[in-house]
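Quick look at start.cif (mmCIF, C-alpha atoms and all ligand atoms):
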```
data_run
#
loop_
_atom_site.label_atom_id
_atom_site.label_comp_id
_atom_site.auth_asym_id
_atom_site.auth_seq_id
_atom_site.Cartn_x
_atom_site.Cartn_y
_atom_site.Cartn_z
CA MET G 1 40.76 -48.15 51.55
CA ILE G 2 43.28 -49.83 49.25
CA GLU G 3 46.91 -48.93 50.05
CA LEU G 4 48.73 -48.25 46.79
CA PRO G 5 52.17 -49.88 46.41
CA ALA G 6 53.73 -46.66 45.05
CA ARG G 7 52.91 -43.04 44.30
CA PRO G 8 50.81 -43.01 41.11
CA ALA G 9 52.40 -41.49 38.00
CA LEU G 10 51.31 -40.45 34.52
CA LEU G 11 52.48 -43.22 32.21
CA PRO G 12 51.88 -44.37 28.65
CA PRO G 13 48.98 -46.85 28.35
CA SER G 14 50.22 -50.33 29.24
CA VAL G 15 48.95 -53.90 29.44
CA ALA G 16 50.36 -53.99 32.98
CA VAL G 17 47.14 -52.45 34.32
CA ARG G 18 44.74 -54.58 32.24
CA THR G 19 42.48 -55.85 35.03
CA SER G 20 42.27 -52.67 37.06
CA TYR G 21 41.71 -50.60 33.89
CA LEU G 22 38.79 -52.75 32.75
CA VAL G 23 37.21 -52.99 36.21
CA GLY G 24 37.77 -49.30 36.98
CA GLU G 25 36.41 -48.03 33.67
CA GLN G 26 33.44 -50.40 33.92
CA ALA G 27 32.61 -49.09 37.40
CA ASP G 28 32.97 -45.55 36.11
CA MET G 29 30.71 -46.07 33.09
CA ILE G 30 28.03 -47.72 35.25
CA HIS G 31 28.24 -44.84 37.73
CA ARG G 32 27.79 -42.37 34.83
CA GLU G 33 24.95 -44.52 33.41
CA GLU G 34 26.76 -44.68 30.06
CA SER G 35 27.29 -47.62 27.71
CA THR G 36 29.95 -50.17 28.62
CA ASP G 37 29.93 -51.69 25.10
CA TRP G 38 33.41 -50.40 24.21
CA LEU G 39 34.87 -52.37 27.11
CA ARG G 40 33.91 -55.65 25.45
CA GLU G 41 36.38 -55.06 22.61
CA ALA G 42 39.01 -53.85 25.06
CA SER G 43 38.63 -56.93 27.25
CA LEU G 44 38.88 -59.30 24.27
CA ASP G 45 42.12 -57.82 22.94
CA PHE G 46 43.69 -55.47 25.44
CA GLU G 47 47.07 -55.51 23.67
CA SER G 48 45.56 -53.97 20.53
CA PHE G 49 43.49 -51.57 22.61
CA VAL G 50 46.68 -50.30 24.25
CA ALA G 51 48.70 -50.25 21.01
CA GLN G 52 46.07 -47.97 19.45
CA ARG G 53 46.47 -45.46 22.26
CA VAL G 54 50.22 -45.17 22.89
CA GLY G 55 52.21 -42.17 21.74
CA VAL G 56 51.48 -38.76 20.28
CA ARG G 57 48.54 -38.99 17.87
CA GLU G 58 46.49 -36.56 15.83
CA ARG G 59 43.17 -36.12 17.67
CA TRP G 60 40.83 -33.13 17.45
CA GLY G 61 43.16 -32.07 14.61
CA VAL G 62 46.13 -31.49 16.94
CA PRO G 63 48.96 -33.66 18.30
CA SER G 64 47.60 -35.26 21.46
CA GLU G 65 48.94 -37.71 24.00
CA LEU G 66 46.97 -40.06 26.24
CA LEU G 67 48.48 -40.97 29.60
CA TRP G 68 47.22 -43.30 32.30
CA TYR G 69 47.60 -42.45 35.99
CA ALA G 70 48.77 -45.67 37.60
CA ALA G 71 50.74 -47.23 40.42
CA ASP G 72 52.16 -50.63 39.48
CA GLU G 73 49.12 -52.71 38.44
CA PHE G 74 46.59 -50.16 39.73
CA TYR G 75 44.96 -47.91 37.11
CA LEU G 76 43.30 -44.80 38.56
CA GLY G 77 42.42 -42.56 35.64
CA SER G 78 43.32 -41.03 32.28
CA LEU G 79 44.63 -37.68 31.12
CA VAL G 80 45.05 -36.19 27.67
CA ILE G 81 47.60 -33.50 26.82
CA ARG G 82 46.95 -31.60 23.61
CA HIS G 83 50.39 -30.41 22.56
CA GLU G 84 48.68 -27.57 20.68
CA LEU G 85 45.33 -25.89 21.21
CA THR G 86 42.62 -26.54 18.64
CA ASP G 87 41.52 -23.57 16.51
CA ASP G 88 38.58 -22.83 18.82
CA GLU G 89 40.67 -23.72 21.93
CA GLY G 90 37.86 -26.12 22.96
CA GLY G 91 38.94 -28.54 25.67
CA GLY G 92 42.12 -26.58 26.37
CA HIS G 93 45.48 -28.31 26.71
CA ILE G 94 44.52 -30.92 29.32
CA GLY G 95 41.52 -33.20 29.89
CA TYR G 96 41.23 -35.87 32.60
CA HIS G 97 39.12 -38.23 34.60
CA VAL G 98 39.62 -40.38 37.66
CA VAL G 99 37.58 -43.60 37.66
CA TYR G 100 34.82 -43.67 40.23
CA PRO G 101 36.38 -46.09 42.77
CA TRP G 102 39.39 -43.78 43.16
CA ARG G 103 37.65 -40.43 43.41
CA ARG G 104 37.77 -37.97 46.33
CA GLN G 105 41.25 -39.04 47.42
CA GLY G 106 43.21 -36.16 45.90
CA HIS G 107 44.33 -38.12 42.84
CA ALA G 108 43.02 -35.66 40.21
CA THR G 109 44.68 -32.76 42.00
CA ARG G 110 48.05 -34.54 42.00
CA MET G 111 47.54 -35.91 38.46
CA LEU G 112 46.98 -32.41 37.08
CA ARG G 113 50.03 -31.15 38.98
CA ASP G 114 52.16 -33.84 37.31
CA ALA G 115 50.63 -33.05 33.89
CA LEU G 116 51.54 -29.37 34.23
CA LEU G 117 55.20 -30.34 34.64
CA LEU G 118 54.97 -32.48 31.48
CA CYS G 119 53.41 -29.50 29.67
CA HIS G 120 56.31 -27.33 30.83
CA ASP G 121 58.77 -29.88 29.39
CA LEU G 122 56.83 -29.71 26.10
CA GLY G 123 57.31 -25.95 25.99
CA ILE G 124 53.74 -25.07 27.03
CA GLU G 125 54.37 -22.20 29.45
CA ARG G 126 50.69 -21.60 30.29
CA ALA G 127 48.18 -24.43 30.08
CA LEU G 128 44.53 -23.77 29.23
CA LEU G 129 41.90 -25.78 31.14
CA THR G 130 38.17 -25.66 30.42
CA VAL G 131 35.58 -26.79 32.97
CA ALA G 132 31.78 -26.89 32.96
CA PRO G 133 30.45 -24.37 35.51
CA ASP G 134 28.61 -27.14 37.43
CA ASN G 135 31.65 -29.43 37.70
CA THR G 136 32.45 -28.66 41.33
CA ALA G 137 35.12 -31.34 41.63
CA SER G 138 37.08 -30.28 38.56
CA LEU G 139 36.79 -26.61 39.51
CA ALA G 140 38.41 -27.51 42.83
CA VAL G 141 41.15 -29.49 41.06
CA VAL G 142 41.94 -26.51 38.84
CA ALA G 143 41.81 -24.06 41.76
CA HIS G 144 44.21 -26.24 43.79
CA ASN G 145 46.63 -26.00 40.86
CA GLY G 146 46.50 -22.23 40.59
CA GLY G 147 44.02 -21.79 37.75
CA VAL G 148 43.44 -18.16 36.78
CA PRO G 149 39.92 -17.51 35.36
CA ASP G 150 39.62 -16.23 31.78
CA GLY G 151 35.90 -16.05 31.06
CA LEU G 152 33.74 -18.52 29.18
CA ASN G 153 34.38 -20.30 25.90
CA HIS G 154 31.92 -20.82 23.02
CA GLU G 155 30.62 -24.02 24.67
CA GLY G 156 29.79 -22.19 27.91
CA GLU G 157 32.72 -23.72 29.76
CA LEU G 158 34.86 -21.73 32.16
CA ARG G 159 38.43 -21.11 30.95
CA PHE G 160 41.46 -21.13 33.26
CA TRP G 161 45.16 -20.56 32.61
CA ILE G 162 47.80 -22.25 34.74
CA ASP G 163 51.49 -21.29 34.74
CA THR G 164 53.36 -24.59 34.22
CA ALA G 165 56.70 -23.51 35.70
CA PRO G 166 57.61 -25.70 38.70
CA ALA G 167 56.73 -23.96 41.99
C1 LIG G 201 36.73 -34.19 38.32
C2 LIG G 201 37.43 -35.44 38.81
C3 LIG G 201 38.61 -35.75 37.88
C4 LIG G 201 37.94 -35.21 40.26
O1 LIG G 201 38.69 -36.35 40.64
P1 LIG G 201 39.07 -36.62 42.16
O2 LIG G 201 40.26 -37.52 42.15
O3 LIG G 201 37.88 -37.04 42.90
O4 LIG G 201 39.51 -35.17 42.65
P2 LIG G 201 40.24 -34.80 44.02
O5 LIG G 201 40.18 -35.96 44.95
O6 LIG G 201 41.59 -34.26 43.68
O7 LIG G 201 39.28 -33.69 44.60
C5 LIG G 201 39.44 -32.34 44.33
C6 LIG G 201 38.43 -31.58 45.12
O8 LIG G 201 37.12 -31.82 44.59
C7 LIG G 201 36.26 -32.23 45.63
N1 LIG G 201 35.31 -33.17 45.05
C8 LIG G 201 35.60 -34.35 44.47
N2 LIG G 201 34.47 -34.91 44.02
C9 LIG G 201 33.46 -34.07 44.35
C10 LIG G 201 32.07 -34.10 44.14
N3 LIG G 201 31.47 -35.12 43.51
N4 LIG G 201 31.33 -33.06 44.61
C11 LIG G 201 31.91 -32.03 45.23
N5 LIG G 201 33.25 -31.93 45.44
C12 LIG G 201 34.01 -32.95 45.00
C13 LIG G 201 37.15 -32.88 46.65
O9 LIG G 201 36.57 -32.92 47.90
C14 LIG G 201 38.35 -31.97 46.58
O10 LIG G 201 38.08 -30.79 47.28
P3 LIG G 201 39.01 -30.29 48.50
O11 LIG G 201 40.42 -30.67 48.15
O12 LIG G 201 38.80 -28.82 48.52
O13 LIG G 201 38.50 -31.03 49.67
C15 LIG G 201 36.47 -36.66 38.84
O14 LIG G 201 35.34 -36.33 39.60
C16 LIG G 201 36.04 -37.11 37.45
O15 LIG G 201 36.74 -37.87 36.81
N6 LIG G 201 34.87 -36.62 37.00
C17 LIG G 201 34.35 -36.98 35.66
C18 LIG G 201 35.19 -36.43 34.53
C19 LIG G 201 35.45 -34.95 34.66
O16 LIG G 201 34.61 -34.20 35.11
N7 LIG G 201 36.66 -34.56 34.26
C20 LIG G 201 37.06 -33.16 34.28
C21 LIG G 201 36.59 -32.45 33.06
S1 LIG G 201 37.10 -30.73 33.12
#
```

So that I can check it, write out the structure of this file as structure tokens.
Ligand SMILES: CC(C)(COP(=O)(O)OP(=O)(O)OC[C@H]1O[C@@H](n2cnc3c(N)ncnc32)[C@H](O)[C@@H]1OP(=O)(O)O)[C@@H](O)C(=O)NCCC(=O)NCCS
Amino acid sequence: MIELPARPALLPPSVAVRTSYLVGEQADMIHREESTDWLREASLDFESFVAQRVGVRERWGVPSELLWYAADEFYLGSLVIRHELTDDEGGGHIGYHVVYPWRRQGHATRMLRDALLLCHDLGIERALLTVAPDNTASLAVVAHNGGVPDGLNHEGELRFWIDTAPA
């Protein structure tokens, strides 16, 4: 297993992780049997790709922030914080993925823990997470972070609230 040079952290998208981002996302898309076409554009002009993703942006009609979970030049995954819930609360406050080569090593559990602290700093006292009922891994990630069940949403996803105050 690769030994990371530092503890990964949630950071703004950066060209510093260019190679590991492209390779990691490509591996992930192939694993999911989804199109890798979008990676062509990213690989041709990674600087623009990054510039289009940095900062708080309006997505899903709410201010949203994309962060990359990385340790030096190693990119492990992505996480989105919606600073406000959408009208239908779909997707909750936080969405995330860890790219396939880095899964099952506890990264998502720690990444969500870090994101909850960022939410707290943003004034979000309770974060809403939504998870498909068959997503065993994400259900475990949410459970490890103290998720409290709150029924199903309109898309049939399980809802969980997590208190963001530091333990
Ligand atoms: C969900 C996801 C982020 C988990 O990432 P990860 O880094 O592998 O998660 P962790 O290593 O922190 O594992 C958390 C728990 O899930 C378990 N787990 C991980 N992958 C699993 C799988 N495929 N099947 C069953 N359990 C799994 C781990 O064993 C661990 O359980 P434990 O701590 O009780 O032993 C990752 O699988 C992923 O990106 N999936 C696709 C996108 C997605 O589903 N995002 C979440 C949407 S709500």

Do you know which residues are within 10 Å of ligand LIG 201 (chain G) using only C-alpha atoms and all ligand atoms? Can you write them as a VMD selection string? chain G and resid 28 32 76 to 79 91 to 92 94 to 112 129 to 144 157 to 159

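Shortest atom-to-atom contact with Gly151 (chain G) among G:Leu118, G:Leu128, G:Ala71, G:Ala27: G:Leu128, counting all atoms listed in the file.
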
*asked:* What's the separation between CA of Ile81 (chain G) and CA of Met1 (chain G), in Å to one decimal place?
replied: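 Going from CA of Ile81 (chain G) over to CA of Met1 (chain G), I get 29.5 Å.
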
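Using only C-alpha atoms, the nearest neighbour of Tyr21 (chain G) within the list G:Trp38, G:Phe49, G:Trp161, G:Phe74 is G:Phe74.
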
- What separation in Å, quoted to one decimal, exists between CA of Leu10 (chain G) and CA of Tyr75 (chain G)?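 Atom-to-atom, CA of Leu10 (chain G) and CA of Tyr75 (chain G) are spaced 10.1 Å apart.
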
| task | Would you mind telling me which residue in G:Asp87, G:Glu73, G:Glu47, G:Glu25 lies nearest to His154 (chain G) when using all atoms listed in the file? | result |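 Of the candidates, the smallest distance to His154 (chain G) is held by G:Asp87.
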
Considering only C-alpha atoms, can you say which of G:Val50, G:Leu39, G:Leu85, G:Val80 comes closest to Val62 (chain G)?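 Among the listed residues, the smallest separation from Val62 (chain G) belongs to G:Leu85.
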
Correct to one decimal, the distance CA of Phe160 (chain G)-CA of Trp68 (chain G) is 22.9 Å

Report task. Skip Asp163 (chain G) itself and residues of its chain fewer than 5 positions away, then list as a ChimeraX atom specification all residues within 9 Å of it, counting only C-alpha atoms. Result -> /G:116,120,124-127,146-148

Of G:Leu22, G:Arg82, G:Glu89, G:Ala16, the one nearest to Arg57 (chain G) when counting only C-alpha atoms is G:Arg82

Return as AutoDock Vina command-line options the centre and edge lengths, in Å with one decimal, of the box along x, y and z that encloses every atom of region 80-87 of chain G in the file, padded by 4 Å per side.
```
--center_x 46.0 --center_y -29.9 --center_z 22.1 --size_x 16.9 --size_y 20.6 --size_z 19.2
```

List as a PyMOL selection string the protein and nucleic acid residues near Glu84 (chain G), meaning an atom at most 8 Å away when only C-alpha atoms are counted, but skip any in the same chain fewer than 6 places from it.
chain G and resi 62-64+93

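Within 8 Å of Leu117 (chain G), once all atoms listed in the file are used and residues closer than 3 positions along the same chain are dropped, the contacting residues are Arg113, Asp114, His120, Asp121, Thr164, Ala165 and Pro166 of chain G.
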
Write the selection just made, keeping C-alpha atoms, as a PDB file, in the coordinates of the input?
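Saved file selection32.pdb follows:
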```pdb
ATOM      1  CA  ARG G 113      50.030 -31.150  38.980  1.00  0.00           C
ATOM      2  CA  ASP G 114      52.160 -33.840  37.310  1.00  0.00           C
ATOM      3  CA  HIS G 120      56.310 -27.330  30.830  1.00  0.00           C
ATOM      4  CA  ASP G 121      58.770 -29.880  29.390  1.00  0.00           C
ATOM      5  CA  THR G 164      53.360 -24.590  34.220  1.00  0.00           C
ATOM      6  CA  ALA G 165      56.700 -23.510  35.700  1.00  0.00           C
ATOM      7  CA  PRO G 166      57.610 -25.700  38.700  1.00  0.00           C
TER       8      PRO G 166
END
```
